[in-house]
>>> print(open('input.csv').read())   # CSV, C-alpha atoms
chain,number,residue,atom,x,y,z
A,134,MET,CA,-109.0,149.8,8.0
A,135,ASN,CA,-107.4,148.3,4.9
A,136,TRP,CA,-104.0,147.4,6.2
A,137,PRO,CA,-102.5,146.2,2.9
A,138,ILE,CA,-103.4,149.4,1.2
A,139,SER,CA,-102.1,151.7,3.9
A,140,THR,CA,-98.9,149.6,4.1
A,141,PHE,CA,-98.1,150.1,0.5
A,142,GLN,CA,-98.6,153.9,0.8
A,143,ASN,CA,-96.0,154.0,3.5
A,144,LEU,CA,-93.4,151.7,2.1
A,145,THR,CA,-92.8,153.9,-0.9
A,146,ARG,CA,-90.7,156.4,1.0
A,147,LYS,CA,-87.0,156.6,1.0
A,148,PRO,CA,-84.9,155.1,3.8
A,149,LEU,CA,-83.0,156.9,6.4
A,150,ARG,CA,-79.2,157.2,6.2
A,151,LYS,CA,-77.3,154.2,7.3
A,152,PHE,CA,-75.2,154.5,10.4
A,153,LEU,CA,-71.5,154.0,9.6
A,154,LEU,CA,-69.9,153.7,13.0
A,155,VAL,CA,-70.3,151.1,15.8
A,156,PHE,CA,-68.6,152.9,18.7
A,157,SER,CA,-67.1,152.1,22.0
A,158,LEU,CA,-67.9,154.6,24.7
A,159,CYS,CA,-64.7,153.6,26.5
A,160,THR,CA,-62.9,155.4,23.6
A,161,LEU,CA,-65.5,158.1,23.4
A,162,ALA,CA,-65.1,159.1,27.0
A,163,ILE,CA,-61.4,159.6,26.5
A,164,ALA,CA,-61.1,160.9,23.1
A,165,GLY,CA,-64.4,162.9,22.8
A,166,VAL,CA,-67.4,162.5,20.5
A,167,ILE,CA,-66.7,160.9,17.2
A,168,TRP,CA,-69.4,161.7,14.6
A,169,ALA,CA,-70.4,159.4,11.9
A,170,CYS,CA,-72.4,160.8,9.0
A,171,ALA,CA,-74.0,159.1,6.1
A,172,ASP,CA,-73.6,159.1,2.4
A,173,SER,CA,-77.0,160.4,1.5
A,174,TYR,CA,-78.3,162.5,4.4
A,175,GLU,CA,-75.3,164.4,5.6
A,176,GLU,CA,-77.3,166.6,8.0
A,177,GLU,CA,-78.0,163.5,10.2
A,178,TYR,CA,-75.4,162.1,12.6
A,179,SER,CA,-75.2,159.3,15.1
A,180,VAL,CA,-72.6,157.5,17.1
A,181,PHE,CA,-75.2,155.1,18.6
A,182,THR,CA,-75.6,152.4,16.1
A,183,PRO,CA,-78.8,150.3,16.5
A,184,GLU,CA,-77.8,147.7,13.9
A,185,TYR,CA,-75.2,146.3,16.3
A,186,PHE,CA,-77.4,146.0,19.3
A,187,VAL,CA,-81.0,145.5,18.1
A,188,ASN,CA,-82.5,142.3,16.5
A,189,LYS,CA,-82.6,142.9,12.8
A,190,GLN,CA,-86.3,142.0,12.6
A,191,TYR,CA,-86.9,145.4,14.2
A,192,SER,CA,-84.7,147.4,11.8
A,193,PRO,CA,-87.6,149.0,9.9
A,194,PHE,CA,-88.4,150.9,13.1
A,195,PHE,CA,-84.9,152.3,13.8
A,196,TYR,CA,-85.4,156.0,14.3
A,197,THR,CA,-85.4,158.1,11.1
A,198,GLY,CA,-86.2,161.8,11.1
A,199,ASN,CA,-86.8,161.8,7.3
A,200,GLU,CA,-88.7,158.7,6.4
A,201,VAL,CA,-91.2,156.2,7.7
A,202,TYR,CA,-89.3,153.0,7.7
A,203,TYR,CA,-85.5,152.6,7.9
A,204,GLY,CA,-83.4,150.9,5.2
A,205,LEU,CA,-86.1,149.5,2.9
A,206,GLY,CA,-85.7,151.7,-0.1
A,207,TYR,CA,-88.4,151.4,-2.8
A,208,THR,CA,-90.8,148.5,-2.6
A,209,ASP,CA,-93.8,147.4,-4.6
A,210,GLY,CA,-95.9,147.5,-1.5
A,211,SER,CA,-98.4,145.2,0.0
A,212,ASN,CA,-99.3,143.6,-3.4
A,213,THR,CA,-95.9,141.8,-3.4
A,214,TRP,CA,-95.1,141.8,0.3
A,215,TYR,CA,-95.7,138.1,0.9
A,216,ASN,CA,-94.8,136.8,-2.6
A,217,ASP,CA,-91.6,134.9,-1.7
A,218,ILE,CA,-93.2,133.3,1.3
A,219,ILE,CA,-96.3,132.2,-0.6
A,220,VAL,CA,-94.2,130.5,-3.2
A,221,ASP,CA,-92.0,128.8,-0.6
A,222,GLU,CA,-95.1,127.5,1.3
A,223,TRP,CA,-96.5,125.9,-1.8
A,224,TYR,CA,-93.1,124.6,-2.8
A,225,ASP,CA,-92.9,122.8,0.6
A,226,HIS,CA,-96.5,121.6,0.2
A,227,PHE,CA,-95.6,119.8,-3.0
A,228,ASN,CA,-92.5,118.3,-1.3
A,229,HIS,CA,-90.3,120.3,-3.8
A,230,GLN,CA,-91.6,118.3,-6.7
A,231,PHE,CA,-93.4,121.2,-8.3
A,232,SER,CA,-90.8,123.5,-10.0
A,233,LYS,CA,-90.4,126.7,-8.0
A,234,THR,CA,-90.2,128.6,-11.3
A,235,SER,CA,-93.5,127.2,-12.4
A,236,LEU,CA,-95.0,128.0,-9.0
A,237,GLN,CA,-93.8,131.6,-9.2
A,238,TYR,CA,-95.4,132.0,-12.6
A,239,LEU,CA,-98.7,130.5,-11.5
A,240,LEU,CA,-99.0,132.1,-8.1
A,241,ILE,CA,-97.6,135.5,-8.9
A,242,LYS,CA,-97.7,136.3,-12.6
A,243,ALA,CA,-100.3,134.2,-14.3
A,244,SER,CA,-103.7,135.6,-15.2
A,245,ALA,CA,-107.0,133.8,-14.4
A,246,GLY,CA,-107.1,132.8,-18.1
A,247,ALA,CA,-103.6,131.4,-18.0
A,248,VAL,CA,-104.4,129.3,-14.9
A,249,ASP,CA,-107.6,128.0,-16.6
A,250,SER,CA,-105.7,126.9,-19.7
A,251,ILE,CA,-102.9,125.3,-17.7
A,252,SER,CA,-105.5,123.5,-15.5
A,253,ARG,CA,-107.3,122.2,-18.5
A,254,LYS,CA,-104.1,121.0,-20.0
A,255,SER,CA,-103.2,119.2,-16.8
A,256,ALA,CA,-106.6,117.5,-16.7
A,257,GLY,CA,-106.4,116.4,-20.3
A,258,ALA,CA,-109.2,118.7,-21.5
A,259,LEU,CA,-106.8,120.8,-23.6
A,260,LYS,CA,-104.4,119.0,-25.9
A,261,VAL,CA,-101.9,121.8,-26.6
A,262,LEU,CA,-101.1,124.6,-24.3
A,263,PRO,CA,-101.0,128.0,-26.0
A,264,ALA,CA,-97.5,129.0,-26.9
A,265,LYS,CA,-97.5,132.1,-24.8
A,266,TYR,CA,-97.7,130.1,-21.6
A,267,PRO,CA,-94.7,128.3,-20.1
A,268,VAL,CA,-94.6,124.5,-19.7
A,269,MET,CA,-95.3,123.5,-16.1
A,270,SER,CA,-92.8,121.2,-14.4
A,271,THR,CA,-94.8,119.3,-11.8
A,272,GLY,CA,-92.5,116.4,-11.1
A,273,THR,CA,-94.2,113.5,-9.3
A,274,VAL,CA,-97.1,115.6,-7.9
A,275,SER,CA,-100.3,113.5,-8.1
A,276,ALA,CA,-103.2,114.4,-10.3
A,277,LYS,CA,-105.4,114.8,-7.2
A,278,MET,CA,-103.1,117.4,-5.7
A,279,LEU,CA,-102.8,119.2,-9.0
A,280,LYS,CA,-106.6,119.3,-9.4
A,281,ALA,CA,-107.0,120.7,-5.9
A,282,PHE,CA,-104.3,123.3,-6.5
A,283,TYR,CA,-105.7,124.6,-9.7
A,284,SER,CA,-109.2,124.7,-8.4
A,285,TYR,CA,-108.0,126.9,-5.5
A,286,LEU,CA,-105.8,129.0,-7.7
A,287,LYS,CA,-108.8,129.9,-10.0
A,288,LEU,CA,-110.7,131.3,-7.0
A,289,ALA,CA,-107.6,133.1,-5.7
A,290,LYS,CA,-107.2,134.8,-9.1
A,291,ILE,CA,-110.8,135.9,-9.0
A,292,SER,CA,-110.2,137.3,-5.5
A,293,GLU,CA,-107.3,139.4,-6.7
A,294,ALA,CA,-109.8,141.6,-8.6
A,295,TYR,CA,-111.0,143.2,-5.4
A,296,SER,CA,-108.1,142.5,-2.9
A,297,VAL,CA,-105.1,143.6,-5.0
A,298,ASN,CA,-105.0,147.3,-5.8
A,299,ASP,CA,-103.3,149.2,-8.6
A,300,GLN,CA,-100.0,150.8,-7.7
A,301,TYR,CA,-100.6,154.5,-6.9
A,302,TYR,CA,-98.8,157.3,-5.2
A,303,SER,CA,-99.4,158.1,-1.5
A,304,TRP,CA,-101.1,161.4,-2.4
A,305,ASP,CA,-103.7,159.7,-4.6
A,306,LYS,CA,-107.1,159.1,-3.1
A,307,VAL,CA,-107.6,155.4,-2.4
A,308,LYS,CA,-110.5,153.9,-4.3
A,309,PRO,CA,-111.9,151.1,-2.2
A,310,ASN,CA,-112.6,147.8,-3.9
A,311,HIS,CA,-115.7,145.7,-3.0
A,312,SER,CA,-116.0,142.0,-3.5
A,313,PRO,CA,-118.8,140.7,-5.7
A,314,VAL,CA,-121.8,139.3,-3.8
A,315,LYS,CA,-122.2,136.3,-6.0
A,316,LEU,CA,-118.8,134.9,-5.1
A,317,ALA,CA,-119.8,134.1,-1.5
A,318,SER,CA,-121.4,130.8,-2.2
A,319,THR,CA,-118.6,129.6,-4.5
A,320,LEU,CA,-115.9,130.4,-1.8
A,321,ILE,CA,-117.9,128.8,1.1
A,322,GLY,CA,-118.8,125.8,-1.1
A,323,ALA,CA,-115.1,125.3,-2.0
A,324,PHE,CA,-114.1,125.6,1.7
A,325,ASP,CA,-116.7,123.1,2.9
A,326,ALA,CA,-115.7,120.6,0.2
A,327,GLU,CA,-111.9,120.8,0.6
A,328,THR,CA,-110.2,118.0,2.5
A,329,ASP,CA,-106.6,119.1,2.2
A,330,PRO,CA,-105.8,121.1,5.4
A,331,PHE,CA,-103.2,123.3,3.6
A,332,ILE,CA,-105.6,124.4,0.9
A,333,LYS,CA,-108.6,124.5,3.3
A,334,GLU,CA,-106.8,127.1,5.5
A,335,ARG,CA,-106.1,129.2,2.4
A,336,LEU,CA,-109.7,129.1,1.4
A,337,TRP,CA,-110.6,130.2,4.9
A,338,PHE,CA,-108.3,133.2,4.4
A,339,GLN,CA,-109.9,134.0,1.1
A,340,ALA,CA,-113.4,133.8,2.6
A,341,VAL,CA,-112.6,136.0,5.5
A,342,ARG,CA,-110.9,138.5,3.3
A,343,TYR,CA,-113.9,138.4,0.9
A,344,TYR,CA,-116.3,139.3,3.6
A,345,TYR,CA,-114.0,142.1,4.8
A,346,PHE,CA,-114.3,143.7,1.4
A,347,LEU,CA,-118.1,143.4,1.2
A,348,ASP,CA,-119.7,146.8,1.3
A,349,ASN,CA,-122.7,146.0,3.4
A,350,SER,CA,-123.6,144.6,6.8
A,351,SER,CA,-122.6,141.1,5.8
A,352,SER,CA,-119.0,142.2,6.3
A,353,ALA,CA,-119.5,141.3,10.0
A,354,THR,CA,-119.2,137.7,8.8
A,355,THR,CA,-115.5,138.5,8.7
A,356,VAL,CA,-115.5,138.0,12.5
A,357,SER,CA,-117.9,135.1,12.8
A,358,LEU,CA,-116.1,133.1,10.0
A,359,PHE,CA,-112.8,133.7,11.6
A,360,ASN,CA,-114.0,132.7,15.1
A,361,GLN,CA,-115.8,129.7,13.9
A,362,PHE,CA,-112.7,128.0,12.4
A,363,LYS,CA,-109.7,129.7,14.1
A,364,ASP,CA,-109.0,126.7,16.3
A,365,HIS,CA,-109.1,124.3,13.3
A,366,PHE,CA,-105.8,125.6,11.8
A,367,PRO,CA,-102.2,126.1,12.9
A,368,LYS,CA,-101.1,129.5,14.0
A,369,ASN,CA,-98.9,130.3,11.0
A,370,LEU,CA,-98.5,133.2,8.6
A,371,ILE,CA,-101.8,132.7,6.8
A,372,TYR,CA,-103.6,132.4,10.1
A,373,TYR,CA,-102.3,135.8,11.3
A,374,ARG,CA,-102.9,137.4,7.9
A,375,THR,CA,-106.5,136.2,8.2
A,376,MET,CA,-106.6,137.7,11.7
A,377,GLY,CA,-105.3,141.0,10.2
A,378,TYR,CA,-108.6,141.4,8.3
A,379,VAL,CA,-110.5,140.8,11.5
A,380,ALA,CA,-108.5,143.6,13.2
A,381,GLY,CA,-109.2,145.8,10.2
A,382,TYR,CA,-112.9,145.1,10.5
A,383,TYR,CA,-112.9,146.1,14.2
A,384,TYR,CA,-110.9,149.3,13.4
A,385,ARG,CA,-113.5,150.2,10.8
A,386,GLN,CA,-116.2,149.7,13.5
A,387,LYS,CA,-114.2,152.0,15.7
A,388,ASN,CA,-113.5,149.3,18.2
A,389,TYR,CA,-109.9,150.5,18.5
A,390,ALA,CA,-109.0,148.6,21.7
A,391,LEU,CA,-109.7,145.2,20.2
A,392,SER,CA,-108.3,146.2,16.8
A,393,ASN,CA,-105.0,147.3,18.3
A,394,TYR,CA,-104.8,144.2,20.4
A,395,LEU,CA,-105.2,141.9,17.4
A,396,TYR,CA,-102.7,143.9,15.4
A,397,SER,CA,-100.2,143.4,18.2
A,398,LEU,CA,-100.6,139.6,18.0
A,399,CYS,CA,-99.9,139.8,14.3
A,400,TYR,CA,-96.9,142.1,14.8
A,401,ASP,CA,-95.4,139.7,17.3
A,402,TYR,CA,-95.7,136.6,15.1
A,403,THR,CA,-93.2,137.3,12.4
A,404,TYR,CA,-91.0,140.0,10.7
A,405,LYS,CA,-93.2,140.0,7.6
A,406,LEU,CA,-96.2,141.1,9.6
A,407,LYS,CA,-94.5,143.8,11.6
A,408,ILE,CA,-94.8,146.7,9.2
A,409,PRO,CA,-98.5,146.2,8.2
A,410,SER,CA,-99.5,145.5,11.8
A,411,PHE,CA,-97.5,148.5,13.2
A,412,TRP,CA,-98.9,150.9,10.5
A,413,SER,CA,-102.4,149.9,11.5
A,414,PHE,CA,-101.8,150.1,15.2
A,415,HIS,CA,-103.4,153.4,16.4
A,416,PRO,CA,-104.4,153.9,20.1
A,417,GLN,CA,-106.7,156.9,20.1
A,418,ASN,CA,-106.5,158.1,23.7
A,419,GLU,CA,-105.6,157.0,27.2
A,420,SER,CA,-108.9,155.4,27.9
A,421,ASP,CA,-108.7,153.4,24.6
A,422,TRP,CA,-105.1,152.4,25.4
A,423,ASN,CA,-106.0,151.1,28.9
A,424,ALA,CA,-108.8,149.1,27.3
A,425,THR,CA,-106.3,147.5,24.9
A,426,LEU,CA,-104.0,146.6,27.8
A,427,ARG,CA,-106.8,144.9,29.6
A,428,LEU,CA,-107.1,142.5,26.7
A,429,ALA,CA,-103.6,141.2,27.0
A,430,LYS,CA,-103.6,137.6,28.3
A,431,THR,CA,-99.9,137.3,29.2
A,432,PRO,CA,-97.0,139.5,30.3
A,433,GLU,CA,-95.4,139.0,26.9
A,434,GLU,CA,-98.6,140.3,25.1
A,435,LYS,CA,-98.6,143.3,27.4
A,436,ILE,CA,-94.9,143.9,26.6
A,437,THR,CA,-95.6,143.8,22.9
A,438,LEU,CA,-98.4,146.4,23.3
A,439,TRP,CA,-96.1,148.7,25.2
A,440,HIS,CA,-93.3,148.2,22.7
A,441,MET,CA,-95.5,149.2,19.8
A,442,MET,CA,-96.8,152.2,21.7
A,443,GLY,CA,-93.3,153.2,22.6
A,444,VAL,CA,-92.1,153.1,19.0
A,445,GLN,CA,-95.0,155.1,17.8
A,446,TYR,CA,-95.5,157.6,20.7
A,447,ASP,CA,-93.4,157.5,23.9
A,448,ALA,CA,-90.3,155.4,24.1
A,449,ALA,CA,-89.4,156.4,27.7
A,450,ARG,CA,-92.8,155.5,29.1
A,451,ALA,CA,-92.7,152.2,27.4
A,452,ILE,CA,-89.1,151.4,28.5
A,453,LYS,CA,-90.0,152.1,32.1
A,454,THR,CA,-93.1,149.8,32.0
A,455,ILE,CA,-91.5,146.9,30.1
A,456,ALA,CA,-88.4,147.0,32.3
A,457,ALA,CA,-90.7,146.5,35.3
A,458,ILE,CA,-92.4,143.5,33.7
A,459,ASN,CA,-89.3,141.8,32.2
A,460,PRO,CA,-86.0,143.7,32.1
A,461,LYS,CA,-84.5,141.0,29.8
A,462,SER,CA,-87.1,141.6,27.1
A,463,GLU,CA,-85.4,142.1,23.7
A,464,LYS,CA,-88.2,144.6,22.9
A,465,LEU,CA,-86.4,147.1,25.1
A,466,ASP,CA,-83.4,147.2,22.8
A,467,LEU,CA,-85.3,149.0,19.9
A,468,LEU,CA,-86.8,151.5,22.3
A,469,LEU,CA,-83.5,152.4,23.9
A,470,SER,CA,-81.9,153.0,20.4
A,471,ARG,CA,-84.9,155.2,19.5
A,472,LEU,CA,-84.7,157.2,22.8
A,473,ILE,CA,-81.1,158.1,22.1
A,474,ASN,CA,-81.3,158.6,18.3
A,475,ILE,CA,-84.4,160.9,18.7
A,476,ARG,CA,-82.3,162.9,21.3
A,477,GLU,CA,-79.5,163.2,18.8
A,478,ALA,CA,-81.8,164.3,16.0
A,479,THR,CA,-83.4,167.0,18.1
A,480,THR,CA,-80.0,168.6,19.0
A,481,GLY,CA,-79.7,172.1,17.6
A,482,GLY,CA,-78.1,175.4,18.2
A,483,GLY,CA,-78.9,177.6,21.2
A,484,LYS,CA,-80.1,176.9,24.6
A,485,PRO,CA,-82.8,174.1,24.7
A,486,ALA,CA,-86.2,174.8,26.1
A,487,ASP,CA,-86.9,173.9,29.7
A,488,SER,CA,-89.2,171.1,28.6
A,489,VAL,CA,-86.5,169.6,26.4
A,490,ILE,CA,-84.0,169.8,29.3
A,491,LYS,CA,-86.5,168.1,31.6
A,492,SER,CA,-87.2,165.4,29.1
A,493,ASP,CA,-83.4,164.8,28.6
A,494,ASN,CA,-82.8,164.6,32.3
A,495,ASP,CA,-85.8,162.2,32.8
A,496,GLY,CA,-84.5,160.0,30.0
A,497,LYS,CA,-81.0,160.0,31.3
A,498,ARG,CA,-82.1,159.0,34.8
A,499,LEU,CA,-84.4,156.3,33.4
A,500,VAL,CA,-81.5,154.7,31.4
A,501,GLU,CA,-79.1,155.2,34.4
A,502,ASN,CA,-81.4,153.4,36.8
A,503,ILE,CA,-81.9,150.4,34.5
A,504,ALA,CA,-78.2,150.2,33.8
A,505,LEU,CA,-77.3,150.3,37.5
A,506,LYS,CA,-79.6,147.4,38.2
A,507,ASN,CA,-77.5,145.3,35.8
A,508,ASN,CA,-80.4,142.9,35.2
A,509,THR,CA,-81.1,143.4,31.5
A,510,ALA,CA,-80.2,140.9,28.7
A,511,LYS,CA,-77.5,143.3,27.5
A,512,PRO,CA,-76.0,145.2,30.4
A,513,TYR,CA,-73.2,146.5,28.2
A,514,TYR,CA,-75.7,148.2,25.9
A,515,TRP,CA,-77.4,150.0,28.8
A,516,ASN,CA,-74.1,151.1,30.2
A,517,LEU,CA,-73.0,152.4,26.8
A,518,ALA,CA,-76.3,154.3,26.6
A,519,ALA,CA,-76.1,155.7,30.1
A,520,GLY,CA,-72.5,156.8,29.6
A,521,TYR,CA,-73.3,158.4,26.3
A,522,LEU,CA,-76.3,160.3,27.7
A,523,ASN,CA,-74.2,161.6,30.6
A,524,PHE,CA,-71.3,162.6,28.3
A,525,TRP,CA,-73.7,164.5,26.1
A,526,ILE,CA,-76.3,166.0,28.4
A,527,ALA,CA,-74.3,166.6,31.6
A,528,ILE,CA,-70.5,166.8,31.8
A,529,THR,CA,-70.0,164.8,35.0
A,530,PRO,CA,-67.7,161.9,36.1
A,531,GLN,CA,-70.6,159.5,35.5
A,532,PRO,CA,-69.6,158.5,31.9
A,533,VAL,CA,-66.3,157.0,33.1
A,534,SER,CA,-68.2,154.9,35.7
A,535,PHE,CA,-70.6,153.5,33.2
A,536,MET,CA,-67.8,152.9,30.7
A,537,LEU,CA,-66.0,150.8,33.2
A,538,GLN,CA,-69.2,148.8,33.8
A,539,GLN,CA,-69.6,148.4,30.0
A,540,LYS,CA,-66.1,147.1,29.6
A,541,THR,CA,-66.6,144.3,32.1
A,542,SER,CA,-70.0,143.3,30.8
A,543,SER,CA,-69.4,143.5,27.0
A,544,PRO,CA,-69.0,140.5,24.7
A,545,PRO,CA,-65.4,140.3,23.4
A,546,ALA,CA,-66.3,141.9,20.1
A,547,ILE,CA,-67.3,145.1,21.8
A,548,LYS,CA,-64.5,145.5,24.4
>>> encode(input="input.csv", output="structure tokens")
Amino acid sequence: MNWPISTFQNLTRKPLRKFLLVFSLCTLAIAGVIWACADSYEEEYSVFTPEYFVNKQYSPFFYTGNEVYYGLGYTDGSNTWYNDIIVDEWYDHFNHQFSKTSLQYLLIKASAGAVDSISRKSAGALKVLPAKYPVMSTGTVSAKMLKAFYSYLKLAKISEAYSVNDQYYSWDKVKPNHSPVKLASTLIGAFDAETDPFIKERLWFQAVRYYYFLDNSSSATTVSLFNQFKDHFPKNLIYYRTMGYVAGYYYRQKNYALSNYLYSLCYDYTYKLKIPSFWSFHPQNESDWNATLRLAKTPEEKITLWHMMGVQYDAARAIKTIAAINPKSEKLDLLLSRLINIREATTGGGKPADSVIKSDNDGKRLVENIALKNNTAKPYYWNLAAGYLNFWIAITPQPVSFMLQQKTSSPPAIK
């Protein structure tokens, strides 16, 4: 699966309304439900505000009934998703001597022709740089580092022809790009010859991505090239971006269990990989899901898998499983907010169906049981949730009990 393409298609949707109220259920239980409505989607309401309780790196996955990702607005998509980080990484590589403005131009804006002219000017092969190109400010960067950088950048610009897609609307048919066969020897030759570890890792990324886009059986080299050198490089952003293409290869081969497992590793590494990894994560059925779980090497990897499954399919089932593995996991926080916000969003007029009532009661009992154990990282959060669900679903004395627990366990800002 082409995860950068699919990411772009699903980032161009509008965000959900922003919650406006952080509430205390101590007040709620006494005064009644206080509704907060948003400025742009007035039909949606919530008094259970995930922004206050959930790590902001998970904010794109706050529940929204209207859109795919919460709070992102319009974005240029996967073509620009990593731009700022790429510039910062090179800026650090050059010890802040290479002007960031110059790097932004070269890495993000410059054409292959522009890079070639600037490279020749740097090497002394071109006396005067064409007026249409900005002057590069390279500080005290050595000629050797500049030569290695420009050599890499020329290859990277060629690779953009098949790896960077034109902007299109989500309803347009995606036209797959295929890498040119003749580029293989050039990329591998550059990789073999490079001695700078920073650039060598990026050439590895380019080579793995190149084979991913090949439209023939050679694309299996995506996996062998990744496996051959995966222990040679640090596990950083470029490492996991490279792994993402391996996961995409396995998805294309219908090896969903391994594909989903690899995507979960990418998801867990950094905020920047969460959206493309989550979008590409697709358990197909229970058998496939169990096969994915068996690949997990640690309890934390298993928690991440359940967390992603819970966000995509079944929050209650995931909460129950993760709480049994590690009740202090922060990955529970997002699932709890989604469990409640989904319940709010499905509230309508008339008597709910028996299946809805059962689901509500099961969810309420699950949250109550976890709150009563008082062994989560945020006991006040679970007491708030238990009290809120009791207040809403069943008018009983239970909300007051949970509110008293919330008051004693809350940080000062919430009391």
>>> atom_distance(input="input.csv", atom1="atom CA of A:Tyr345", atom2="atom CA of A:Ser392")
13.9 Å
>>> closest_residue(input="input.csv", among="A:Ala457, A:Leu467, A:Leu358, A:Met278", to="A:Gln190", atoms="only C-alpha atoms")
A:Leu467
>>> residues_around(input="input.csv", residues="A:Gly377", least_positions_apart="6", cutoff="9 Å", atoms="all atoms listed in the file", output="PDB file with C-alpha atoms, keeping the file's coordinate frame")
ATOM      1  CA  TRP A 136    -104.000 147.400   6.200  1.00  0.00           C
ATOM      2  CA  SER A 392    -108.300 146.200  16.800  1.00  0.00           C
ATOM      3  CA  LEU A 395    -105.200 141.900  17.400  1.00  0.00           C
ATOM      4  CA  TYR A 396    -102.700 143.900  15.400  1.00  0.00           C
ATOM      5  CA  CYS A 399     -99.900 139.800  14.300  1.00  0.00           C
ATOM      6  CA  PRO A 409     -98.500 146.200   8.200  1.00  0.00           C
ATOM      7  CA  SER A 410     -99.500 145.500  11.800  1.00  0.00           C
TER       8      SER A 410
END
>>> atom_distance(input="input.csv", atom1="atom CA of A:Tyr185", atom2="atom CA of A:Lys511")
11.8 Å
>>> closest_residue(input="input.csv", among="A:Ala390, A:Asn216, A:Asn228, A:Leu320", to="A:Thr271", atoms="only C-alpha atoms")
A:Asn228
>>> residues_around(input="input.csv", residues="A:Tyr402", least_positions_apart="6", cutoff="10 Å", atoms="all atoms listed in the file", output="list in words")
Lys368, Asn369, Leu370 and Tyr373 of chain A
>>> write_last_selection(input="input.csv", atoms="C-alpha atoms", output="PDB file, in the frame of the given file")
ATOM      1  CA  LYS A 368    -101.100 129.500  14.000  1.00  0.00           C
ATOM      2  CA  ASN A 369     -98.900 130.300  11.000  1.00  0.00           C
ATOM      3  CA  LEU A 370     -98.500 133.200   8.600  1.00  0.00           C
ATOM      4  CA  TYR A 373    -102.300 135.800  11.300  1.00  0.00           C
TER       5      TYR A 373
END
>>> residues_around(input="input.csv", residues="A:Lys464", least_positions_apart="5", cutoff="9 Å", atoms="all atoms listed in the file", output="list in words")
Val187, Asn188, Tyr191, Ile436, Thr437, His440, Ile452 and Ile455 of chain A
>>> closest_residue(input="input.csv", among="A:Val444, A:Val341, A:Ala256, A:Ile408", to="A:Met376", atoms="all atoms listed in the file")
A:Val341
